[in-house]
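Colleague: To be precise about what I am sending: the file is called run.tsv and holds TSV, C-alpha atoms.
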chain	number	residue	atom	x	y	z
R	255	MET	CA	17.07	-28.75	-27.43
R	256	PRO	CA	17.75	-27.95	-23.76
R	257	PRO	CA	14.73	-26.74	-21.79
R	258	ARG	CA	14.37	-22.96	-21.70
R	259	ARG	CA	15.74	-21.39	-18.53
R	260	PRO	CA	13.10	-19.40	-16.65
R	261	ARG	CA	13.42	-15.61	-16.57
R	262	LEU	CA	13.71	-14.46	-12.97
R	263	LEU	CA	13.43	-10.92	-11.65
R	264	ILE	CA	14.94	-10.38	-8.21
R	265	VAL	CA	13.04	-7.59	-6.46
R	266	ILE	CA	14.83	-5.88	-3.57
R	267	PRO	CA	12.60	-3.37	-1.73
R	268	CYS	CA	14.75	-0.89	0.21
R	269	LEU	CA	14.20	1.94	2.62
R	270	ASN	CA	17.33	3.68	3.91
R	271	GLU	CA	19.52	0.61	3.41
R	272	GLU	CA	22.78	2.32	2.45
R	273	GLU	CA	24.54	0.46	5.23
R	274	ALA	CA	23.54	-3.11	4.32
R	275	LEU	CA	22.73	-2.86	0.60
R	276	PRO	CA	26.30	-2.90	-0.80
R	277	LYS	CA	27.04	-6.20	0.98
R	278	THR	CA	23.68	-7.69	-0.04
R	279	LEU	CA	24.15	-6.75	-3.71
R	280	ALA	CA	27.78	-7.88	-3.80
R	281	ARG	CA	26.83	-11.25	-2.32
R	282	LEU	CA	23.87	-11.58	-4.67
R	283	LYS	CA	25.95	-10.75	-7.76
R	284	GLU	CA	28.42	-13.46	-6.77
R	285	HIS	CA	25.64	-16.02	-6.80
R	286	VAL	CA	23.66	-14.87	-9.85
R	287	ALA	CA	25.77	-16.96	-12.23
R	288	ALA	CA	24.97	-20.08	-10.21
R	289	LEU	CA	21.21	-19.49	-10.41
R	290	LYS	CA	19.24	-21.79	-12.66
R	291	ALA	CA	17.50	-18.87	-14.33
R	292	ASP	CA	18.19	-15.86	-16.53
R	293	THR	CA	18.26	-13.24	-13.85
R	294	GLU	CA	17.77	-9.49	-13.60
R	295	ILE	CA	17.95	-7.52	-10.37
R	296	VAL	CA	15.82	-4.49	-9.56
R	297	VAL	CA	16.12	-2.37	-6.43
R	298	ILE	CA	12.95	-0.55	-5.47
R	299	ASP	CA	13.94	2.50	-3.48
R	300	ASP	CA	10.92	3.24	-1.31
R	301	GLY	CA	11.53	6.95	-0.83
R	302	SER	CA	14.85	6.57	1.01
R	303	LEU	CA	16.43	9.67	2.51
R	304	ASP	CA	19.95	8.23	2.27
R	305	ARG	CA	22.10	7.11	-0.69
R	306	THR	CA	20.34	3.78	-1.26
R	307	ALA	CA	19.44	4.46	-4.92
R	308	HIS	CA	22.87	5.91	-5.70
R	309	ILE	CA	24.62	2.86	-4.25
R	310	ALA	CA	22.40	0.45	-6.19
R	311	ARG	CA	23.02	2.34	-9.43
R	312	LYS	CA	26.77	2.19	-8.89
R	313	VAL	CA	26.56	-1.59	-8.63
R	314	GLY	CA	24.83	-1.64	-12.02
R	315	VAL	CA	21.42	-3.05	-11.17
R	316	ARG	CA	18.08	-1.61	-12.25
R	317	VAL	CA	16.75	0.99	-9.83
R	318	VAL	CA	13.17	2.21	-9.50
R	319	GLU	CA	12.86	5.25	-7.27
R	320	LEU	CA	9.46	5.83	-5.69
R	321	SER	CA	8.94	9.54	-5.14
R	322	ARG	CA	7.38	8.94	-1.71
R	323	ASN	CA	7.42	6.15	0.81
R	324	LEU	CA	4.67	3.64	-0.02
R	325	GLY	CA	5.55	1.01	2.56
R	326	ILE	CA	6.98	-2.43	1.90
R	327	GLY	CA	3.83	-3.64	0.12
R	328	GLY	CA	3.77	-0.75	-2.36
R	329	ALA	CA	7.47	-1.24	-3.06
R	330	VAL	CA	7.20	-5.00	-3.58
R	331	GLN	CA	4.16	-4.58	-5.81
R	332	THR	CA	6.11	-2.14	-7.99
R	333	GLY	CA	8.69	-4.88	-8.61
R	334	LEU	CA	6.00	-7.48	-9.24
R	335	LYS	CA	4.38	-5.16	-11.79
R	336	ILE	CA	7.69	-4.99	-13.69
R	337	ALA	CA	7.94	-8.78	-13.66
R	338	GLN	CA	4.36	-9.20	-14.84
R	339	ARG	CA	4.53	-6.57	-17.59
R	340	GLU	CA	7.93	-7.60	-18.93
R	341	GLY	CA	6.98	-11.26	-19.17
R	342	PHE	CA	9.23	-12.71	-16.47
R	343	ASP	CA	8.38	-16.27	-15.48
R	344	CYS	CA	8.88	-15.58	-11.81
R	345	ALA	CA	9.99	-12.94	-9.33
R	346	LEU	CA	11.97	-13.34	-6.15
R	347	GLN	CA	11.51	-11.00	-3.21
R	348	LEU	CA	14.69	-10.46	-1.26
R	349	ASP	CA	15.26	-8.03	1.60
R	350	GLY	CA	17.97	-5.42	1.21
R	351	ASP	CA	19.12	-5.83	4.79
R	352	GLY	CA	20.95	-9.10	4.17
R	353	GLN	CA	18.55	-11.43	6.01
R	354	HIS	CA	17.95	-13.60	2.96
R	355	PRO	CA	20.96	-15.59	1.76
R	356	PRO	CA	21.25	-15.78	-2.06
R	357	GLU	CA	22.61	-19.34	-1.71
R	358	GLU	CA	19.05	-20.47	-0.94
R	359	VAL	CA	17.45	-19.01	-4.08
R	360	ASN	CA	18.00	-22.14	-6.20
R	361	LYS	CA	16.06	-24.19	-3.64
R	362	LEU	CA	13.08	-21.86	-3.95
R	363	LEU	CA	13.35	-21.90	-7.76
R	364	ALA	CA	13.46	-25.69	-7.86
R	365	ARG	CA	10.41	-25.90	-5.60
R	366	LEU	CA	8.50	-23.47	-7.82
R	367	GLU	CA	9.01	-25.73	-10.83
R	368	GLU	CA	8.41	-29.01	-9.01
R	369	LYS	CA	5.22	-30.80	-10.04
R	370	PRO	CA	2.50	-30.03	-9.14
R	371	THR	CA	3.67	-26.53	-9.90
R	372	ALA	CA	3.43	-24.00	-7.10
R	373	ASP	CA	2.39	-20.37	-7.57
R	374	LEU	CA	4.05	-18.98	-4.48
R	375	VAL	CA	7.01	-20.51	-2.66
R	376	ILE	CA	7.77	-19.11	0.78
R	377	GLY	CA	11.20	-19.53	2.31
R	378	SER	CA	10.45	-20.79	5.81
R	379	ARG	CA	12.71	-20.43	8.86
R	380	PHE	CA	10.69	-22.94	10.83
R	381	LEU	CA	10.71	-26.01	8.59
R	382	GLY	CA	14.44	-26.55	9.07
R	383	HIS	CA	16.45	-26.63	12.29
R	384	ASP	CA	19.35	-24.32	11.46
R	385	GLY	CA	19.68	-20.60	11.00
R	386	TRP	CA	18.32	-17.52	12.67
R	387	LYS	CA	14.70	-17.82	13.87
R	388	SER	CA	13.85	-14.35	15.23
R	389	THR	CA	13.09	-13.40	18.84
R	390	LEU	CA	10.75	-15.30	21.17
R	391	MET	CA	8.06	-12.58	21.05
R	392	ARG	CA	8.15	-12.50	17.27
R	393	ARG	CA	7.93	-16.26	17.06
R	394	ALA	CA	4.81	-16.12	19.26
R	395	GLY	CA	3.30	-13.53	16.91
R	396	ILE	CA	4.20	-15.65	13.89
R	397	ARG	CA	2.49	-18.67	15.48
R	398	TRP	CA	-0.65	-16.62	16.02
R	399	LEU	CA	-0.71	-15.44	12.40
R	400	SER	CA	-0.07	-18.99	11.26
R	401	PHE	CA	-3.11	-20.05	13.31
R	402	VAL	CA	-5.28	-17.27	11.82
R	403	LEU	CA	-4.26	-18.27	8.29
R	404	GLY	CA	-5.05	-21.87	9.22
R	405	LEU	CA	-8.64	-20.80	9.93
R	406	LEU	CA	-8.87	-19.96	6.23
R	407	GLY	CA	-7.33	-23.29	5.31
R	408	ALA	CA	-3.86	-21.96	4.45
R	409	LYS	CA	-1.19	-24.05	6.15
R	410	VAL	CA	1.91	-21.88	6.45
R	411	LYS	CA	4.51	-22.08	9.23
R	412	ASP	CA	6.32	-18.82	8.44
R	413	PRO	CA	3.69	-16.36	7.23
R	414	THR	CA	5.84	-13.26	7.83
R	415	SER	CA	8.73	-14.43	5.69
R	416	GLY	CA	9.58	-11.95	2.95
R	417	PHE	CA	11.90	-14.43	1.26
R	418	ARG	CA	9.61	-15.80	-1.41
R	419	ILE	CA	9.30	-16.50	-5.08
R	420	TYR	CA	6.22	-15.68	-7.15
R	421	GLY	CA	5.18	-17.70	-10.19
R	422	ARG	CA	3.42	-16.30	-13.23
R	423	ARG	CA	-0.11	-16.73	-11.85
R	424	ALA	CA	0.87	-15.06	-8.59
R	425	LEU	CA	2.39	-12.15	-10.54
R	426	ASN	CA	-0.88	-11.73	-12.41
R	427	ILE	CA	-2.93	-11.38	-9.26
R	428	TYR	CA	-0.42	-9.49	-7.09
R	429	SER	CA	0.18	-6.83	-9.73
R	430	HIS	CA	-3.49	-5.95	-9.14
R	431	TYR	CA	-4.01	-6.85	-5.50
R	432	TYR	CA	-1.16	-6.57	-3.04
R	433	PRO	CA	-1.54	-5.20	0.49
R	434	TYR	CA	0.44	-1.99	1.13
R	435	ASP	CA	0.81	-2.30	4.86
R	436	TYR	CA	2.52	-5.34	6.51
R	437	PRO	CA	1.71	-7.42	3.43
R	438	GLU	CA	3.20	-10.90	3.92
R	439	PRO	CA	0.47	-12.77	5.86
R	440	GLU	CA	-2.36	-11.00	4.04
R	441	SER	CA	-0.81	-11.78	0.67
R	442	ILE	CA	-0.88	-15.48	1.58
R	443	ALA	CA	-4.56	-15.15	2.43
R	444	ILE	CA	-5.15	-13.43	-0.92
R	445	ALA	CA	-3.33	-16.24	-2.72
R	446	HIS	CA	-5.36	-18.86	-0.89
R	447	VAL	CA	-8.70	-17.19	-1.58
R	448	ALA	CA	-7.78	-16.65	-5.26
R	449	GLY	CA	-6.99	-20.35	-5.62
R	450	LEU	CA	-3.19	-20.15	-5.92
R	451	ARG	CA	-1.00	-23.00	-4.69
R	452	VAL	CA	1.21	-21.82	-1.82
R	453	VAL	CA	4.06	-24.02	-0.56
R	454	GLU	CA	6.94	-23.57	1.86
R	455	GLU	CA	10.57	-24.52	1.49
R	456	PRO	CA	12.97	-24.67	4.45
R	457	VAL	CA	15.66	-21.99	4.24
R	458	GLN	CA	18.23	-20.54	6.57
R	459	MET	CA	17.99	-16.86	7.29
R	460	GLN	CA	20.32	-14.45	9.02
R	461	ALA	CA	19.85	-11.52	11.38
R	462	ARG	CA	19.62	-8.18	9.56
R	463	GLN	CA	23.00	-6.65	8.67
R	464	GLY	CA	21.89	-3.07	9.31
R	465	GLY	CA	18.94	-0.74	9.85
R	466	LEU	CA	15.95	-1.29	12.16
R	467	SER	CA	12.75	-3.27	11.79
R	468	SER	CA	9.70	-1.06	11.24
R	469	ILE	CA	7.67	-3.24	13.64
R	470	ARG	CA	8.68	-2.37	17.16
R	471	GLY	CA	7.15	-0.85	20.30
R	472	LEU	CA	3.49	0.11	20.04
R	473	LYS	CA	3.48	-0.68	16.34
R	474	THR	CA	3.67	-4.38	17.22
R	475	ALA	CA	0.15	-4.29	18.71
R	476	TYR	CA	-1.16	-2.40	15.69
R	477	TYR	CA	0.60	-4.87	13.38
R	478	MET	CA	-0.97	-7.92	15.03
R	479	LEU	CA	-4.46	-6.39	15.06
R	480	LYS	CA	-4.30	-5.05	11.52
R	481	VAL	CA	-2.90	-8.22	10.01
R	482	THR	CA	-5.35	-10.48	11.88
R	483	VAL	CA	-8.35	-8.44	10.70
R	484	ALA	CA	-6.96	-8.20	7.16
R	485	VAL	CA	-6.42	-11.96	6.90
R	486	LEU	CA	-9.90	-12.74	8.18
R	487	LEU	CA	-11.51	-10.18	5.87
R	488	SER	CA	-9.71	-11.69	2.88
R	489	ALA	CA	-11.94	-14.73	3.23
R	490	LEU	CA	-14.95	-12.54	2.36
R	491	ARG	CA	-13.43	-10.96	-0.76
R	492	THR	CA	-15.41	-11.98	-3.81
R	493	ASP	CA	-13.26	-9.92	-6.20
R	494	LEU	CA	-10.37	-12.32	-5.58
R	495	ARG	CA	-12.47	-15.38	-6.37
R	496	ARG	CA	-13.67	-13.79	-9.61
R	497	PHE	CA	-10.21	-12.64	-10.74
R	498	GLU	CA	-9.03	-14.13	-14.05
R	499	ILE	CA	-5.62	-15.40	-12.98
R	500	GLU	CA	-4.42	-16.87	-16.29
C	96	MET	CA	-36.78	36.15	24.30
C	97	ASN	CA	-40.45	35.43	23.79
C	98	ASP	CA	-41.29	31.67	24.00
C	99	ASP	CA	-44.40	32.23	21.81
C	100	PHE	CA	-42.02	32.90	18.94
C	101	PRO	CA	-40.29	29.49	18.52
C	102	LEU	CA	-38.16	30.62	15.59
C	103	THR	CA	-35.81	32.29	18.07
C	104	ARG	CA	-34.99	29.17	20.14
C	105	TYR	CA	-32.28	27.60	17.92
C	106	TRP	CA	-31.43	30.57	15.76
C	107	ALA	CA	-27.73	30.46	16.67
C	108	PHE	CA	-27.44	26.83	15.57
C	109	GLY	CA	-29.32	27.64	12.36
C	110	LEU	CA	-26.96	30.54	11.68
C	111	VAL	CA	-23.91	28.31	12.10
C	112	CYS	CA	-25.41	25.89	9.57
C	113	VAL	CA	-26.07	28.73	7.13
C	114	ALA	CA	-22.52	30.03	7.61
C	115	TYR	CA	-21.04	26.56	6.96
C	116	THR	CA	-23.23	26.12	3.88
C	117	LEU	CA	-22.17	29.49	2.50
C	118	PHE	CA	-18.52	28.69	3.19
C	119	LEU	CA	-18.83	25.33	1.40
C	120	LEU	CA	-20.62	26.93	-1.56
C	121	ARG	CA	-17.79	29.47	-1.80
C	122	GLN	CA	-15.23	26.64	-1.81
C	123	LEU	CA	-17.24	24.91	-4.53
C	124	VAL	CA	-17.41	28.02	-6.69
C	125	LYS	CA	-13.65	28.47	-6.30
C	126	ASN	CA	-13.11	24.80	-7.24
C	127	ARG	CA	-11.32	24.04	-3.99
C	128	VAL	CA	-13.60	21.11	-3.20
C	129	THR	CA	-15.40	18.82	-5.64
C	130	LEU	CA	-19.18	18.75	-5.77
C	131	GLN	CA	-19.37	14.95	-5.50
C	132	ASN	CA	-17.45	15.04	-2.20
C	133	ALA	CA	-19.09	18.19	-0.83
C	134	LEU	CA	-22.71	17.46	-1.73
C	135	ALA	CA	-23.41	15.35	1.37
C	136	PHE	CA	-21.98	18.10	3.59
C	137	VAL	CA	-24.07	20.82	1.90
C	138	MET	CA	-27.24	18.74	2.21
C	139	THR	CA	-26.50	18.00	5.88
C	140	PHE	CA	-26.06	21.66	6.74
C	141	VAL	CA	-29.16	22.68	4.80
C	142	PHE	CA	-31.11	19.94	6.61
C	143	PHE	CA	-29.90	20.97	10.07
C	144	GLY	CA	-30.43	24.66	9.35
C	145	SER	CA	-34.02	23.84	8.37
C	146	VAL	CA	-34.49	21.63	11.44
C	147	ALA	CA	-33.20	24.38	13.73
C	148	VAL	CA	-35.64	26.87	12.26
C	149	LEU	CA	-38.68	24.63	11.83
C	150	LEU	CA	-38.50	22.11	14.69
C	151	PRO	CA	-40.01	24.45	17.32
C	152	TYR	CA	-43.19	24.48	15.20
C	153	PHE	CA	-43.64	20.74	15.75
C	154	PRO	CA	-43.39	20.05	19.49
C	155	GLY	CA	-45.84	17.13	19.19
C	156	LEU	CA	-43.62	15.32	16.69
C	157	VAL	CA	-40.60	15.57	19.01
C	158	ARG	CA	-42.56	14.09	21.94
C	159	ARG	CA	-44.01	11.33	19.78
C	160	LEU	CA	-40.45	10.33	18.81
C	161	GLY	CA	-39.73	9.93	22.54
C	162	PHE	CA	-37.69	13.06	23.23
C	163	GLU	CA	-38.36	15.35	26.21
C	164	LEU	CA	-36.40	18.20	24.66
C	165	GLN	CA	-36.16	19.29	21.05
C	166	SER	CA	-32.44	19.80	21.50
C	167	ASN	CA	-32.00	16.07	22.29
C	168	LEU	CA	-33.47	15.16	18.92
C	169	ILE	CA	-31.23	17.65	17.14
C	170	PHE	CA	-28.21	16.29	19.06
C	171	LEU	CA	-29.00	12.70	18.11
C	172	LEU	CA	-29.60	13.59	14.45
C	173	ALA	CA	-26.36	15.53	14.43
C	174	LEU	CA	-24.42	12.55	15.79
C	175	GLY	CA	-25.89	10.30	13.10
C	176	ALA	CA	-25.12	12.85	10.39
C	177	LEU	CA	-21.53	13.29	11.59
C	178	THR	CA	-20.98	9.53	11.54
C	179	PHE	CA	-22.39	9.36	8.02
C	180	LEU	CA	-20.21	12.23	6.83
C	181	GLN	CA	-17.15	10.63	8.44
C	182	LEU	CA	-17.92	7.41	6.60
C	183	LEU	CA	-18.14	9.24	3.27
C	184	THR	CA	-14.85	11.00	4.00
C	185	LEU	CA	-13.24	7.67	4.85
C	186	VAL	CA	-14.32	6.20	1.52
C	187	ALA	CA	-13.07	9.25	-0.40
C	188	LEU	CA	-9.77	9.22	1.50
C	189	SER	CA	-9.19	5.50	0.93
C	190	ARG	CA	-9.89	5.90	-2.79
C	191	ALA	CA	-7.47	8.81	-2.95
C	192	GLU	CA	-4.82	6.77	-1.12
C	193	ILE	CA	-5.13	3.83	-3.50
C	194	ARG	CA	-4.92	6.18	-6.48
C	195	THR	CA	-1.89	7.95	-5.01
C	196	VAL	CA	-0.04	4.66	-4.47
C	197	THR	CA	-0.83	3.49	-8.01
C	198	LEU	CA	0.21	6.81	-9.51
C	199	THR	CA	3.46	6.87	-7.53
C	200	GLN	CA	4.27	3.35	-8.74
C	201	GLU	CA	3.42	4.15	-12.36
C	202	VAL	CA	5.47	7.36	-12.37
C	203	ALA	CA	8.46	5.51	-10.89
C	204	LEU	CA	8.13	2.71	-13.48
C	205	LEU	CA	7.89	5.21	-16.34
C	206	ARG	CA	10.94	7.10	-15.09
C	207	GLU	CA	12.92	3.89	-14.88
C	208	GLU	CA	11.80	2.94	-18.37
C	209	LEU	CA	12.89	6.33	-19.68
C	210	VAL	CA	16.27	6.12	-17.99
C	211	ARG	CA	16.80	2.60	-19.30
C	212	ARG	CA	16.01	3.57	-22.85
C	213	LYS	CA	18.30	6.58	-22.50
C	214	VAL	CA	15.50	8.88	-23.58
C	215	LEU	CA	16.47	11.28	-20.80
C	216	ALA	CA	18.88	13.41	-22.77
C	217	PRO	CA	21.41	15.61	-20.94
C	218	ALA	CA	19.70	18.71	-19.58
C	219	GLU	CA	19.23	21.39	-22.23
C	220	PRO	CA	20.09	24.98	-21.42
C	221	PRO	CA	17.03	26.93	-20.21
C	222	ARG	CA	15.08	28.71	-22.91
C	223	SER	CA	14.15	32.36	-22.93
C	224	LEU	CA	10.57	33.32	-22.14
C	225	THR	CA	9.76	33.59	-25.85
C	226	GLY	CA	11.07	30.05	-26.26
C	227	GLU	CA	13.24	30.99	-29.23
C	228	ASN	CA	16.81	31.30	-27.99
C	229	PRO	CA	18.57	29.63	-25.11
C	230	VAL	CA	19.33	32.01	-22.27
C	231	VAL	CA	23.03	32.77	-22.40
C	232	PRO	CA	24.77	33.59	-19.13
C	233	SER	CA	25.51	37.31	-19.01
C	234	ASN	CA	29.32	37.01	-18.91
C	235	GLU	CA	29.29	34.78	-22.04
C	236	ALA	CA	26.91	37.20	-23.77
C	237	GLN	CA	29.24	40.08	-23.07
C	238	SER	CA	32.33	38.26	-24.26
C	239	GLY	CA	30.63	36.82	-27.36
Any chance you could put this one into structure tokens?
Modeller:
Amino acid sequence: MPPRRPRLLIVIPCLNEEEALPKTLARLKEHVAALKADTEIVVIDDGSLDRTAHIARKVGVRVVELSRNLGIGGAVQTGLKIAQREGFDCALQLDGDGQHPPEEVNKLLARLEEKPTADLVIGSRFLGHDGWKSTLMRRAGIRWLSFVLGLLGAKVKDPTSGFRIYGRRALNIYSHYYPYDYPEPESIAIAHVAGLRVVEEPVQMQARQGGLSSIRGLKTAYYMLKVTVAVLLSALRTDLRRFEIE
Amino acid sequence: MNDDFPLTRYWAFGLVCVAYTLFLLRQLVKNRVTLQNALAFVMTFVFFGSVAVLLPYFPGLVRRLGFELQSNLIFLLALGALTFLQLLTLVALSRAEIRTVTLTQEVALLREELVRRKVLAPAEPPRSLTGENPVVPSNEAQSG
């Protein structure tokens, strides 16, 4: 009997992505057949004011519409809750702005199932040499966050990457604990403190196809401060250590 | 004012505390604020109202605590109380935020589940106030 294919839920958090989403979904649908998993796609519309949900529905994917904007963390967690409750083996987070190429998903999937099994696989821009690597300022910020995570013992080169795949154990913990605000680095800290195995896989990313990053101007300073404090505080969280992951 | 009658020295401050307390009690009676969240505020105002009225009777105590003026002690206590109240508000606000996020997620998930299972039937015509017959548009009623 052939081994059972894993069930994968692709979670696409979106806020006002009517410009880029059609291309992202079209490209993703082209590649779904090539994925080594039984795949479902869900778009989490994070309180968009444009036609994001309508466009996603027209393409024929599942759409969850949040009645108010919760931020990227709240949106991603909604998708992870679906995956956890409906018994998916893993969930992939993919941005709606076209930064994450679907061609790379199989690499992340393969890494998730490689022994010893990982709980969270992060697609890293900085392990390979090709592809888009973000601006100089952002790379400096990413290095800093990588250093802060290193203080906790988590070795991650691309802590802000939102291109990642969550295994079953990660789904169990993140459906309960997932940061709402600028979640990526803090979620790695949570995983580390909770005893999950986090690995990185080199991937190529692209510049966003539309829309604007939420982290710009004065928000950058707030972002760096908030995330640094959040990561360091995670080390003190006893609730994560006590959490029954299985 | 007569300085031999210390009750008069901070009467205005005491009155403000009484006014705030009465306002809060009114909000409580009308169910606009919850007792568990308002209790610390009520106790603070009652405490400061009492301090404003009674402190002038204990000038020795104020000096023993290291304050030249009674008003300095009241000011310092008020700062501490405000910080404490702010902290309680922060906790209540954070709890409310977490609950709001969870509720928003759960409502969205339930709606999606309903849509997927096609439980959301096409909209029914609005019912009359008695709930017995659908309201028929007037032109249809006339023609029918």
Colleague: At a cut-off of 6 Å, list the chain R residues touching chain C, using all atoms listed in the file, as a list in words.
Modeller: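 That gives Val318, Glu319, Leu320 and Thr332 of chain R for chain R.
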Colleague: State, in Å with one decimal place, the distance from atom CA of C:Val111 to atom CA of C:Ser145.
Modeller: 11.7 Å
Colleague: Of the candidates R:Leu494, R:Thr306, R:Thr474, R:Gly421, which shows the shortest atom-to-atom distance to R:Ala394, using all atoms listed in the file?
Modeller: R:Thr474
Colleague: When distances are computed from all atoms listed in the file, which of R:Gln338, R:Ala329, R:Arg259, R:His430 shows the smallest separation from R:Ala364?
Modeller: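 Ranked by minimum distance to R:Ala364, first place goes to R:Arg259.
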Colleague: What is the distance between atom CA of R:Ser321 and atom CA of R:Ala307, in Å to one decimal?
Modeller: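 One can read the atom CA of R:Ser321 to atom CA of R:Ala307 distance as 11.7 Å.
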Colleague: When distances are computed from all atoms listed in the file, which of R:Ser429, R:Ser378, R:Ser488, R:Thr278 shows the smallest separation from R:Val297?
Modeller: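 The closest residue to R:Val297 is R:Thr278.
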Colleague: Given only C-alpha atoms as the basis, pick out the residue of R:Val375, R:Leu366, R:Leu289, R:Ile326 nearest to R:Cys268.
Modeller: R:Ile326
Colleague: Please measure the separation of atom CA of R:Ile336 and atom CA of R:Leu262, giving the value in Å to one decimal.
Modeller: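 Between atom CA of R:Ile336 and atom CA of R:Leu262 the gap works out to 11.2 Å.
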Colleague: Mind checking which residues fall within 9 Å of R:Tyr428, counting all atoms listed in the file, ignoring those fewer than 6 positions away in the same chain, and posting them as a ChimeraX atom specification?
Modeller: /R:331,334-335,441,444-445
Colleague: C:Thr178: which residues within 12 Å, counting all atoms listed in the file, same-chain residues fewer than 6 positions away excluded, as JSON, numbers by chain?
Modeller: {"C": [135, 136, 139, 171, 172, 184, 185]}
Colleague: Find the residues with any atom within 9 Å of (13.9, -17.9, -6.9); use all atoms listed in the file and the coordinates as given in the file, and write the answer as a list in words.
Modeller: Leu262, Leu263, Ile264, Leu289, Lys290, Ala291, Cys344, Ala345, Leu346, Gln347, Glu358, Val359, Asn360, Lys361, Leu362, Leu363, Ala364, Arg365, Leu366, Val375, Arg418, Ile419 and Tyr420 of chain R
